[in-house]
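J.: Structure supplied as model_27.cif; contents: mmCIF, C-alpha atoms.
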```
data_final
#
loop_
_atom_site.label_atom_id
_atom_site.label_comp_id
_atom_site.auth_asym_id
_atom_site.auth_seq_id
_atom_site.Cartn_x
_atom_site.Cartn_y
_atom_site.Cartn_z
CA MET A 1270 123.88 75.21 94.40
CA ARG A 1271 121.40 72.68 95.74
CA ARG A 1272 119.16 75.49 96.99
CA SER A 1273 118.98 77.07 93.56
CA ILE A 1274 118.09 73.71 91.98
CA VAL A 1275 115.20 73.38 94.45
CA LYS A 1276 114.13 76.92 93.59
CA ILE A 1277 114.22 76.34 89.85
CA ALA A 1278 112.33 73.06 90.26
CA GLY A 1279 109.69 74.91 92.30
CA ILE A 1280 109.31 77.60 89.65
CA ILE A 1281 108.99 74.98 86.89
CA CYS A 1282 106.32 73.08 88.88
CA TYR A 1283 104.44 76.32 89.37
CA LEU A 1284 104.56 77.15 85.66
CA LEU A 1285 103.50 73.61 84.70
CA PHE A 1286 100.59 73.95 87.12
CA LEU A 1287 99.54 77.22 85.46
CA ILE A 1288 99.82 75.82 81.94
CA GLY A 1289 97.94 72.65 82.97
CA SER A 1290 95.21 74.71 84.60
CA TYR A 1291 94.88 76.79 81.48
CA ILE A 1292 94.59 73.77 79.19
CA PHE A 1293 92.18 71.80 81.40
CA GLY A 1294 90.18 74.81 82.51
CA PHE A 1295 91.01 74.47 86.22
CA ASN A 1296 89.65 77.77 87.51
CA PRO A 1297 91.72 78.32 90.69
CA GLY A 1298 94.88 77.78 88.63
CA ARG A 1299 93.66 80.19 85.98
CA GLU A 1300 92.96 82.81 88.60
CA ILE A 1301 96.42 82.37 90.13
CA GLY A 1302 97.92 82.67 86.64
CA TYR A 1303 95.97 85.84 86.03
CA ASN A 1304 97.20 87.31 89.34
CA PHE A 1305 100.77 86.36 88.48
CA ILE A 1306 100.62 88.05 85.07
CA ALA A 1307 98.84 91.17 86.35
CA PHE A 1308 101.42 91.74 89.08
CA SER A 1309 104.38 90.90 86.82
CA VAL A 1310 103.20 93.48 84.29
CA ASP A 1311 102.76 96.07 87.05
CA MET A 1312 106.30 95.49 88.24
CA LEU A 1313 107.87 95.37 84.82
CA LYS A 1314 106.52 98.87 84.26
CA ILE A 1315 108.63 100.14 87.16
CA LEU A 1316 111.61 97.85 87.72
CA PRO A 1317 113.65 98.48 84.54
CA CYS A 1318 113.59 102.25 85.18
CA ALA A 1319 114.41 101.73 88.85
CA PHE A 1320 117.44 99.58 88.05
CA VAL A 1321 118.70 101.92 85.30
CA LEU A 1322 118.54 104.79 87.81
CA ILE A 1323 120.31 102.65 90.41
CA GLY A 1324 123.04 101.89 87.84
CA LEU A 1325 123.50 105.57 87.01
CA PHE A 1326 123.57 106.39 90.71
CA GLU A 1327 126.32 103.83 91.36
CA ILE A 1328 128.44 105.20 88.54
CA TRP A 1329 127.97 108.95 88.96
CA VAL A 1330 127.48 109.62 92.66
CA LYS A 1331 130.72 109.73 94.61
CA LYS A 1332 131.14 107.70 97.76
CA GLU A 1333 132.26 110.82 99.66
CA THR A 1334 129.01 112.62 98.80
CA VAL A 1335 126.83 109.87 100.22
CA GLU A 1336 129.12 109.45 103.23
CA LYS A 1337 128.95 113.15 103.98
CA HIS A 1338 125.15 113.47 103.73
CA LEU A 1339 123.96 110.04 104.86
CA GLY A 1340 126.96 108.55 106.66
CA GLU A 1341 128.12 108.31 110.27
CA GLU A 1342 128.76 112.06 110.58
CA SER A 1343 125.56 113.20 108.87
CA GLY A 1344 123.57 113.85 112.06
CA ILE A 1345 119.93 114.87 111.81
CA LYS A 1346 120.28 116.02 108.22
CA GLY A 1347 120.93 112.43 107.16
CA TYR A 1348 117.47 111.44 108.35
CA ILE A 1349 115.85 114.42 106.61
CA TRP A 1350 117.57 113.43 103.35
CA ALA A 1351 116.45 109.84 103.82
CA VAL A 1352 112.81 110.88 104.23
CA LEU A 1353 112.93 113.29 101.27
CA LEU A 1354 114.54 110.66 99.07
CA ALA A 1355 111.96 108.11 100.23
CA SER A 1356 109.06 110.39 99.41
CA THR A 1357 110.11 110.39 95.75
CA THR A 1358 110.47 106.59 95.57
CA VAL A 1359 108.12 104.85 93.16
CA GLY A 1360 106.52 101.43 93.51
CA GLY A 1361 107.00 100.26 97.05
CA LEU A 1362 109.27 98.29 99.31
CA TYR A 1363 110.44 96.08 96.46
CA VAL A 1364 112.08 99.12 94.84
CA ALA A 1365 113.30 100.56 98.15
CA PHE A 1366 115.40 97.48 99.01
CA PRO A 1367 117.80 97.63 96.03
CA VAL A 1368 118.05 101.42 96.36
CA ALA A 1369 118.81 101.06 100.07
CA TYR A 1370 121.51 98.54 99.26
CA SER A 1371 123.20 100.91 96.81
CA LEU A 1372 123.08 103.73 99.36
CA TYR A 1373 124.60 101.40 101.94
CA ARG A 1374 127.43 100.41 99.60
CA LYS A 1375 128.19 104.10 99.08
CA GLY A 1376 128.59 104.65 102.82
CA ALA A 1377 125.17 105.54 104.22
CA LYS A 1378 124.81 104.42 107.82
CA LEU A 1379 122.38 101.70 108.87
CA ALA A 1380 120.02 103.96 110.83
CA VAL A 1381 119.61 106.16 107.74
CA ILE A 1382 119.06 103.09 105.54
CA PHE A 1383 116.27 101.76 107.77
CA THR A 1384 114.72 105.24 107.91
CA TYR A 1385 114.77 105.35 104.13
CA ILE A 1386 113.06 101.95 103.83
CA GLY A 1387 110.44 102.75 106.47
CA ALA A 1388 109.75 106.18 105.02
CA SER A 1389 109.47 104.87 101.47
CA ALA A 1390 106.71 102.58 102.75
CA ILE A 1391 104.70 105.36 104.39
CA CYS A 1392 105.34 108.71 102.72
CA ARG A 1393 105.64 108.36 98.98
CA VAL A 1394 104.16 111.59 97.67
CA PRO A 1395 101.67 110.35 95.02
CA MET A 1396 100.32 107.68 97.36
CA THR A 1397 99.93 110.15 100.23
CA ILE A 1398 98.00 112.62 98.09
CA PHE A 1399 95.80 109.82 96.86
CA GLU A 1400 95.17 108.66 100.41
CA ALA A 1401 94.27 112.15 101.63
CA SER A 1402 91.80 112.62 98.80
CA PHE A 1403 89.89 109.46 99.71
CA MET A 1404 90.31 109.33 103.48
CA GLY A 1405 90.52 113.00 104.37
CA ILE A 1406 93.56 115.08 105.23
CA LYS A 1407 93.17 114.48 108.99
CA PHE A 1408 93.51 110.70 108.55
CA THR A 1409 96.70 111.13 106.53
CA LEU A 1410 98.21 113.67 108.92
CA VAL A 1411 97.58 111.46 111.98
CA ARG A 1412 99.20 108.55 110.17
CA LEU A 1413 102.25 110.56 109.12
CA PHE A 1414 102.77 112.31 112.46
CA VAL A 1415 102.56 109.05 114.38
CA SER A 1416 104.44 106.73 112.05
CA LEU A 1417 107.28 108.92 110.80
CA PRO A 1418 108.84 109.72 114.22
CA LEU A 1419 108.45 106.06 115.21
CA VAL A 1420 110.18 104.99 111.99
CA VAL A 1421 113.13 107.30 112.69
CA ILE A 1422 113.43 106.29 116.36
CA THR A 1423 113.22 102.55 115.71
CA SER A 1424 115.66 102.89 112.80
CA ILE A 1425 118.20 104.58 115.07
CA LEU A 1426 117.78 101.86 117.72
CA LEU A 1427 117.99 99.04 115.16
CA GLY A 1428 120.91 100.70 113.36
CA ASP A 1429 122.88 101.14 116.59
CA TYR A 1430 122.16 97.61 117.70
CA LEU A 1431 123.26 96.11 114.38
CA THR A 1432 126.32 98.35 114.10
CA ARG A 1433 127.45 97.14 117.53
CA ARG A 1434 126.93 93.57 116.32
CA ARG A 1435 129.08 94.37 113.24
CA TYR A 1436 126.19 93.48 110.94
CA ARG A 1437 126.67 93.96 107.19
CA ILE A 1438 124.13 94.04 104.38
CA MET A 1439 124.85 91.49 101.66
CA GLU A 1440 123.40 91.25 98.19
CA GLY A 1441 122.25 87.69 97.55
CA LYS A 1442 124.22 84.78 98.96
CA MET B 435 103.82 106.70 85.97
CA TYR B 436 104.95 108.41 82.76
CA ARG B 437 107.01 110.82 84.85
CA LEU B 438 109.24 107.91 85.83
CA TYR B 439 109.96 107.20 82.16
CA VAL B 440 110.65 110.88 81.47
CA VAL B 441 113.03 111.15 84.43
CA THR B 442 114.82 107.91 83.55
CA GLY B 443 115.06 108.87 79.87
CA LEU B 444 116.47 112.31 80.67
CA ALA B 445 118.96 110.82 83.13
CA VAL B 446 120.23 108.37 80.50
CA VAL B 447 120.51 111.09 77.83
CA ILE B 448 122.36 113.47 80.14
CA SER B 449 124.64 110.68 81.28
CA CYS B 450 125.36 109.73 77.64
CA VAL B 451 126.23 113.29 76.74
CA ALA B 452 128.51 113.58 79.75
CA ASN B 453 130.29 110.28 79.32
CA ARG B 454 129.32 107.43 77.04
CA ASP B 455 131.57 104.78 78.63
CA LYS B 456 130.31 105.51 82.12
CA THR B 457 126.71 105.26 80.91
CA TYR B 458 127.52 101.91 79.37
CA SER B 459 128.93 100.58 82.64
CA ALA B 460 125.88 101.94 84.47
CA GLY B 461 123.73 99.85 82.12
CA VAL B 462 125.85 96.78 82.83
CA ILE B 463 125.46 97.34 86.58
CA ALA B 464 121.70 97.79 86.17
CA ILE B 465 121.32 94.51 84.28
CA LYS B 466 123.60 92.60 86.66
CA LYS B 467 121.73 93.79 89.73
CA PHE B 468 118.38 93.09 88.13
CA VAL B 469 119.36 89.54 87.14
CA ASN B 470 120.80 88.89 90.62
CA ILE B 471 117.57 89.71 92.38
CA LEU B 472 115.24 88.31 89.70
CA PRO B 473 114.75 84.87 91.38
CA ALA B 474 113.62 86.64 94.56
CA PHE B 475 111.17 88.72 92.53
CA VAL B 476 109.76 85.63 90.86
CA ALA B 477 109.38 84.01 94.30
CA MET B 478 107.51 87.09 95.48
CA LEU B 479 105.24 87.12 92.42
CA ILE B 480 104.39 83.45 92.95
CA LEU B 481 103.53 84.15 96.61
CA VAL B 482 101.45 87.16 95.63
CA SER B 483 99.49 85.27 92.98
CA ILE B 484 98.63 82.49 95.43
CA ALA B 485 97.88 84.81 98.36
CA LEU B 486 95.51 86.92 96.27
CA PHE B 487 93.70 83.77 95.20
CA LEU B 488 93.35 82.47 98.78
CA VAL B 489 92.34 85.83 100.25
CA PRO B 490 90.61 87.86 97.57
CA ASP B 491 89.78 91.53 98.16
CA LYS B 492 86.12 90.76 98.80
CA VAL B 493 86.89 88.38 101.66
CA ILE B 494 89.13 90.97 103.27
CA LEU B 495 86.49 93.66 102.95
CA ASN B 496 83.86 91.40 104.57
CA TYR B 497 86.09 90.82 107.56
CA LEU B 498 86.84 94.50 107.97
CA GLY B 499 83.20 95.50 107.74
CA ASN B 500 81.49 92.92 109.92
CA SER B 501 83.04 92.88 113.33
CA ASN B 502 83.75 94.61 116.59
CA LYS B 503 86.22 97.43 115.96
CA PHE B 504 89.06 96.03 118.08
CA ILE B 505 88.75 92.61 116.46
CA GLY B 506 88.45 94.54 113.20
CA VAL B 507 91.83 96.16 113.86
CA LEU B 508 93.41 92.76 114.46
CA PHE B 509 91.90 91.27 111.31
CA ALA B 510 92.85 94.38 109.37
CA SER B 511 96.49 94.19 110.46
CA PHE B 512 96.61 90.49 109.68
CA PHE B 513 95.26 90.94 106.14
CA GLY B 514 97.28 94.08 105.59
CA SER B 515 100.44 92.18 106.47
CA ILE B 516 99.89 89.16 104.26
CA THR B 517 98.67 90.89 101.11
CA LEU B 518 100.00 93.40 98.66
CA MET B 519 97.75 95.96 97.00
CA PRO B 520 98.67 99.04 95.05
CA GLY B 521 97.49 102.36 96.53
CA PHE B 522 95.20 103.12 93.63
CA ILE B 523 93.11 100.06 94.55
CA VAL B 524 93.29 100.29 98.34
CA PHE B 525 92.29 103.87 98.98
CA PRO B 526 89.16 104.02 96.81
CA LEU B 527 88.02 100.78 98.51
CA ALA B 528 88.83 102.18 101.93
CA GLY B 529 86.86 105.30 101.02
CA ILE B 530 83.81 103.16 100.17
CA LEU B 531 84.14 101.22 103.43
CA LEU B 532 84.37 104.48 105.33
CA GLY B 533 81.04 105.48 103.80
CA LYS B 534 79.59 102.17 105.00
CA GLY B 535 80.56 102.96 108.57
CA VAL B 536 83.80 101.00 109.00
CA PRO B 537 85.81 102.81 111.71
CA TYR B 538 88.81 104.92 110.74
CA MET B 539 91.08 102.93 113.04
CA VAL B 540 90.29 99.64 111.29
CA LEU B 541 91.04 101.17 107.90
CA SER B 542 94.21 102.79 109.19
CA ALA B 543 95.41 99.43 110.60
CA PHE B 544 94.75 97.88 107.20
CA THR B 545 96.40 100.54 105.00
CA THR B 546 99.39 101.04 107.31
CA THR B 547 100.21 97.33 107.59
CA LEU B 548 99.82 97.07 103.82
CA MET B 549 102.50 99.74 103.49
CA MET B 550 104.86 98.72 106.28
CA VAL B 551 104.64 94.95 106.76
CA GLY B 552 105.62 92.86 103.78
CA VAL B 553 105.22 89.14 104.28
CA LEU B 554 105.06 88.76 100.51
CA THR B 555 108.12 90.95 99.85
CA PHE B 556 110.04 88.88 102.40
CA PRO B 557 111.88 86.83 99.71
CA ILE B 558 113.40 90.07 98.37
CA GLU B 559 114.07 91.63 101.75
CA LYS B 560 115.92 88.58 103.07
CA GLU B 561 118.20 88.54 100.01
CA TYR B 562 119.54 91.94 101.03
CA PHE B 563 119.16 92.03 104.80
CA GLY B 564 119.15 88.40 105.90
CA VAL B 565 116.30 86.53 107.55
CA LYS B 566 116.81 87.88 111.08
CA VAL B 567 116.91 91.58 110.24
CA ALA B 568 114.01 91.20 107.79
CA ILE B 569 111.89 89.67 110.57
CA ILE B 570 112.88 92.36 113.10
CA ARG B 571 112.06 95.12 110.61
CA ASN B 572 108.64 93.68 109.81
CA VAL B 573 107.75 93.17 113.47
CA ILE B 574 108.69 96.81 114.14
CA GLY B 575 106.51 97.80 111.18
CA LEU B 576 103.59 95.90 112.68
CA PHE B 577 103.97 97.70 116.01
CA ILE B 578 104.15 101.07 114.32
CA ALA B 579 101.01 100.26 112.32
CA LEU B 580 99.16 99.27 115.49
CA SER B 581 100.27 102.50 117.19
CA VAL B 582 98.98 104.43 114.18
CA ALA B 583 95.65 102.60 114.42
CA VAL B 584 95.29 103.37 118.13
CA MET B 585 96.17 107.05 117.64
CA THR B 586 93.75 107.26 114.72
CA GLY B 587 91.06 105.79 116.99
CA ILE B 588 91.81 108.42 119.63
CA PHE B 589 91.88 111.34 117.18
CA PHE B 590 88.62 110.32 115.54
CA GLY B 591 86.90 109.70 118.88
CA GLU B 592 86.46 105.99 118.27
CA ILE B 593 88.23 104.76 121.40
CA PHE B 594 87.22 107.23 124.11
#
```
Take the structure in the file and give it back as structure tokens.
T.:
Amino acid sequence: MRRSIVKIAGIICYLLFLIGSYIFGFNPGREIGYNFIAFSVDMLKILPCAFVLIGLFEIWVKKETVEKHLGEESGIKGYIWAVLLASTTVGGLYVAFPVAYSLYRKGAKLAVIFTYIGASAICRVPMTIFEASFMGIKFTLVRLFVSLPLVVITSILLGDYLTRRRYRIMEGK
Amino acid sequence: MYRLYVVTGLAVVISCVANRDKTYSAGVIAIKKFVNILPAFVAMLILVSIALFLVPDKVILNYLGNSNKFIGVLFASFFGSITLMPGFIVFPLAGILLGKGVPYMVLSAFTTTLMMVGVLTFPIEKEYFGVKVAIIRNVIGLFIALSVAVMTGIFFGEIF
């Protein structure tokens, strides 16, 4: 309770600072305000869709389906699914986290979850195509062939370690 | 971007046709989850707005362009970790820098840390995964990004 009061107070101070800067023409504050609005707009273009899709996923996809393909018994196919799913993710990590949480709740194992998050950072399809067109296909291929195996290996290690420690993912506190 | 709206729209319509009540509860879940994580998003946006003011793109580009390539890699990974830039801004810029002679490995350190290490998305990550796991995951991301940079340097003949 106290923590959320501190948070709200912080947000109000920040907003007052922006409004003050706008009124008195304080340029750094104006610039920060502009950054805040530009990024908020960018995210608001993506987030509502992402959360609607997450909601539909939670309602329609059966726990057994996720458990079978991404759970403890999924084997190597689980990781392939995680990478494929990640490549279609839009936005970035901030969308991957809530999706990962829903997958986890439906029975995906931790190693697969971390693979999904890592892969959604590095191999989203539109971003990869964009990268290759500016940096050359060789640059993109080196990046993918080095980072993707490392993401899978470290996810397995981290997943195993946390599973042994009986770690659980929580939403909020 | 519009594809996302088409896909979401179609999904909602199909879901409505299949079962109206279930679609309604999906909407309730969506709103609940969104509201739950909203404070963390606002925290992230505040961090982003301040970070972009303190380290604007131009400053970053200067650092990447004007130094020894190994120091360049370190600077690049530092800036890549603490900022957030959409791909459609980063890659055209990186392409320009490439034309100006900035090594591939410096650019790869920068773009890969941008993708994998999220100091600014930390408020969201810790809400789901907890502080400890969020830190471990980001440190791993940093190591992977550095490995990518080194391999890029080797493949493009910049190290040997």
J.: Can you tell me, as number ranges by chain, what residues are no more than 10 Å from B:Ile480 when counting only C-alpha atoms, ignoring any on the same chain fewer than 6 positions away?
T.: A: 1280, 1283-1284, 1301-1302, 1304-1306, 1308-1309; B: 474, 554
J.: Could you check which residues have any atom within 7 Å of (120.2, 99.7, 89.4), counting only C-alpha atoms with coordinates taken straight from the file, and then list them as a ChimeraX atom specification?
T.: /A:1319-1324 /B:463-464,467-468
J.: From the options B:Ile574, B:Ala528, B:Ala452, B:Met539, which residue's atoms come nearest to A:Ser1402, counting all atoms listed in the file?
T.: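 Residue with the minimum atom-to-atom distance to A:Ser1402: B:Ala528.
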J.: Please evaluate the PyMOL selection byres ((chain B and resi 560) around 12) against the displayed coordinates and give the resulting residues as an MDAnalysis selection string.
T.: (chainID A and resid 1363 1366:1367 1438:1442) or (chainID B and resid 471 474:475 477:478 552:559 561:572)
J.: Can those selected residues be exported to a file as a short mmCIF file (atom, residue, chain, number, x, y, z; two decimals), in the coordinates of the input so that it contains C-alpha atoms?
T.:
```cif
data_model
loop_
_atom_site.label_atom_id
_atom_site.label_comp_id
_atom_site.auth_asym_id
_atom_site.auth_seq_id
_atom_site.Cartn_x
_atom_site.Cartn_y
_atom_site.Cartn_z
CA TYR A 1363 110.44 96.08 96.46
CA PHE A 1366 115.40 97.48 99.01
CA PRO A 1367 117.80 97.63 96.03
CA ILE A 1438 124.13 94.04 104.38
CA MET A 1439 124.85 91.49 101.66
CA GLU A 1440 123.40 91.25 98.19
CA GLY A 1441 122.25 87.69 97.55
CA LYS A 1442 124.22 84.78 98.96
CA ILE B 471 117.57 89.71 92.38
CA ALA B 474 113.62 86.64 94.56
CA PHE B 475 111.17 88.72 92.53
CA ALA B 477 109.38 84.01 94.30
CA MET B 478 107.51 87.09 95.48
CA GLY B 552 105.62 92.86 103.78
CA VAL B 553 105.22 89.14 104.28
CA LEU B 554 105.06 88.76 100.51
CA THR B 555 108.12 90.95 99.85
CA PHE B 556 110.04 88.88 102.40
CA PRO B 557 111.88 86.83 99.71
CA ILE B 558 113.40 90.07 98.37
CA GLU B 559 114.07 91.63 101.75
CA GLU B 561 118.20 88.54 100.01
CA TYR B 562 119.54 91.94 101.03
CA PHE B 563 119.16 92.03 104.80
CA GLY B 564 119.15 88.40 105.90
CA VAL B 565 116.30 86.53 107.55
CA LYS B 566 116.81 87.88 111.08
CA VAL B 567 116.91 91.58 110.24
CA ALA B 568 114.01 91.20 107.79
CA ILE B 569 111.89 89.67 110.57
CA ILE B 570 112.88 92.36 113.10
CA ARG B 571 112.06 95.12 110.61
CA ASN B 572 108.64 93.68 109.81
#
```
J.: Excluding B:Leu495 and any residue of its chain fewer than 2 positions from it, enumerate the residues within 10 Å of it, using only C-alpha atoms, and give them as a PyMOL selection string.
T.: chain B and resi 490-493+497-500+510+513+527-528+531+536
J.: Show which residues sit within 7 Å of stretch 1392-1395 of chain A, as a PyMOL selection string. Count all atoms listed in the file, and ignore same-chain residues fewer than 5 positions away.
T.: chain A and resi 1355-1358
J.: Could you write those residues out with C-alpha atoms, as an mmCIF file, keeping the file's coordinate frame?
T.:
```
data_model
loop_
_atom_site.group_PDB
_atom_site.id
_atom_site.type_symbol
_atom_site.label_atom_id
_atom_site.label_comp_id
_atom_site.auth_asym_id
_atom_site.auth_seq_id
_atom_site.Cartn_x
_atom_site.Cartn_y
_atom_site.Cartn_z
ATOM 1 C CA ALA A 1355 111.960 108.110 100.230
ATOM 2 C CA SER A 1356 109.060 110.390 99.410
ATOM 3 C CA THR A 1357 110.110 110.390 95.750
ATOM 4 C CA THR A 1358 110.470 106.590 95.570
#
```
J.: Compute the distance from (131.1, 108.0, 99.0) to each atom, counting all atoms listed in the file, keep the residues with any atom at most 10 Å away, and return them as an MDAnalysis selection string; use the coordinates of the file.
T.: chainID A and resid 1327 1330:1340 1372:1377
J.: Once the PyMOL selection byres ((chain B and resi 524) around 12) has been evaluated on this model, what residues remain selected, and can you format them as a ChimeraX atom specification?
T.: /A:1396,1399-1400,1403-1404 /B:491-492,494-495,514,517-523,525-531,541-542,544-549
J.: Atom CA of B:Ala543 to atom CA of A:Val1421: how many Å, to one decimal?
T.: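 Computing the Euclidean distance for atom CA of B:Ala543 and atom CA of A:Val1421 yields 19.5 Å.
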J.: Assuming the chain letters and numbering stay as they are in my file, what does the PyMOL selection byres ((chain A and resi 1410-1417) around 9) actually select? List them as a PDB file with C-alpha atoms, keeping the file's coordinate frame.
T.:
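As a result, selection.pdb now contains:
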```pdb
ATOM      1  CA  VAL A1352     112.810 110.880 104.230  1.00  0.00           C
ATOM      2  CA  THR A1384     114.720 105.240 107.910  1.00  0.00           C
ATOM      3  CA  GLY A1387     110.440 102.750 106.470  1.00  0.00           C
ATOM      4  CA  ALA A1388     109.750 106.180 105.020  1.00  0.00           C
ATOM      5  CA  ILE A1391     104.700 105.360 104.390  1.00  0.00           C
ATOM      6  CA  CYS A1392     105.340 108.710 102.720  1.00  0.00           C
ATOM      7  CA  ALA A1401      94.270 112.150 101.630  1.00  0.00           C
ATOM      8  CA  GLY A1405      90.520 113.000 104.370  1.00  0.00           C
ATOM      9  CA  ILE A1406      93.560 115.080 105.230  1.00  0.00           C
ATOM     10  CA  LYS A1407      93.170 114.480 108.990  1.00  0.00           C
ATOM     11  CA  PHE A1408      93.510 110.700 108.550  1.00  0.00           C
ATOM     12  CA  THR A1409      96.700 111.130 106.530  1.00  0.00           C
ATOM     13  CA  PRO A1418     108.840 109.720 114.220  1.00  0.00           C
ATOM     14  CA  LEU A1419     108.450 106.060 115.210  1.00  0.00           C
ATOM     15  CA  VAL A1420     110.180 104.990 111.990  1.00  0.00           C
ATOM     16  CA  VAL A1421     113.130 107.300 112.690  1.00  0.00           C
ATOM     17  CA  ILE A1422     113.430 106.290 116.360  1.00  0.00           C
TER      18      ILE A1422
ATOM     19  CA  SER B 542      94.210 102.790 109.190  1.00  0.00           C
ATOM     20  CA  THR B 546      99.390 101.040 107.310  1.00  0.00           C
ATOM     21  CA  ILE B 578     104.150 101.070 114.320  1.00  0.00           C
ATOM     22  CA  ALA B 579     101.010 100.260 112.320  1.00  0.00           C
ATOM     23  CA  SER B 581     100.270 102.500 117.190  1.00  0.00           C
ATOM     24  CA  VAL B 582      98.980 104.430 114.180  1.00  0.00           C
ATOM     25  CA  ALA B 583      95.650 102.600 114.420  1.00  0.00           C
ATOM     26  CA  MET B 585      96.170 107.050 117.640  1.00  0.00           C
ATOM     27  CA  THR B 586      93.750 107.260 114.720  1.00  0.00           C
ATOM     28  CA  PHE B 589      91.880 111.340 117.180  1.00  0.00           C
TER      29      PHE B 589
END
```
J.: Nearest residue to A:Glu1300 out of B:Ile593, B:Leu472, B:Ser515, B:Ala485, using only C-alpha atoms?
T.: B:Ala485
J.: Which residue, A:Thr1432, A:Leu1285, A:Arg1437, A:Glu1341, has the smallest gap to A:Gly1298 when you use all atoms listed in the file?
T.: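 Ranked by minimum distance to A:Gly1298, first place goes to A:Leu1285.
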J.: Assuming 4 Å of padding per side, give the centre and edge lengths of the axis-aligned box around every listed atom of stretch 482-490 of chain B, in Å to one decimal and as JSON.
T.:
```
{"center_x": 96.0, "center_y": 85.2, "center_z": 96.6, "size_x": 18.8, "size_y": 13.4, "size_z": 15.3}
```
J.: Just the number, please: distance in Å from atom CA of A:Ala1365 to atom CA of A:Ile1386, one decimal.
T.: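 Separation of atom CA of A:Ala1365 and atom CA of A:Ile1386: 5.9 Å.
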J.: Nearest to A:Ser1424: which of A:Ile1315, A:Ala1390, A:Leu1362, A:Ala1380 is it, counting only C-alpha atoms?
T.: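 That would be A:Ala1380, the residue with the smallest distance to A:Ser1424.
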J.: Could you name the residues that touch B:Lys456 at 10 Å or less, counting only C-alpha atoms, but leaving out those on the same chain fewer than 4 positions away, as a list in words?
T.: Gly1324, Leu1325, Ile1328 and Trp1329 of chain A; Ser449, Cys450, Ala452, Ala460, Gly461 and Val462 of chain B
J.: Taking into account only C-alpha atoms, which residue in the set A:Gly1294, A:Gly1289, A:Gly1361, A:Gly1347 is nearest to chain B?
T.: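 Once distances to chain B are computed over only C-alpha atoms, the minimum belongs to A:Gly1361.
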J.: Would you mind telling me which residue in B:Phe509, B:Pro537, B:Asn470, B:Ile448 lies nearest to chain A when using all atoms listed in the file?
T.: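 Closest residue, counting all atoms listed in the file: B:Asn470.
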J.: Mind giving me the straight-line distance from atom CA of A:Tyr1385 to atom CA of B:Arg437 in Å, one decimal?
T.: 21.5 Å
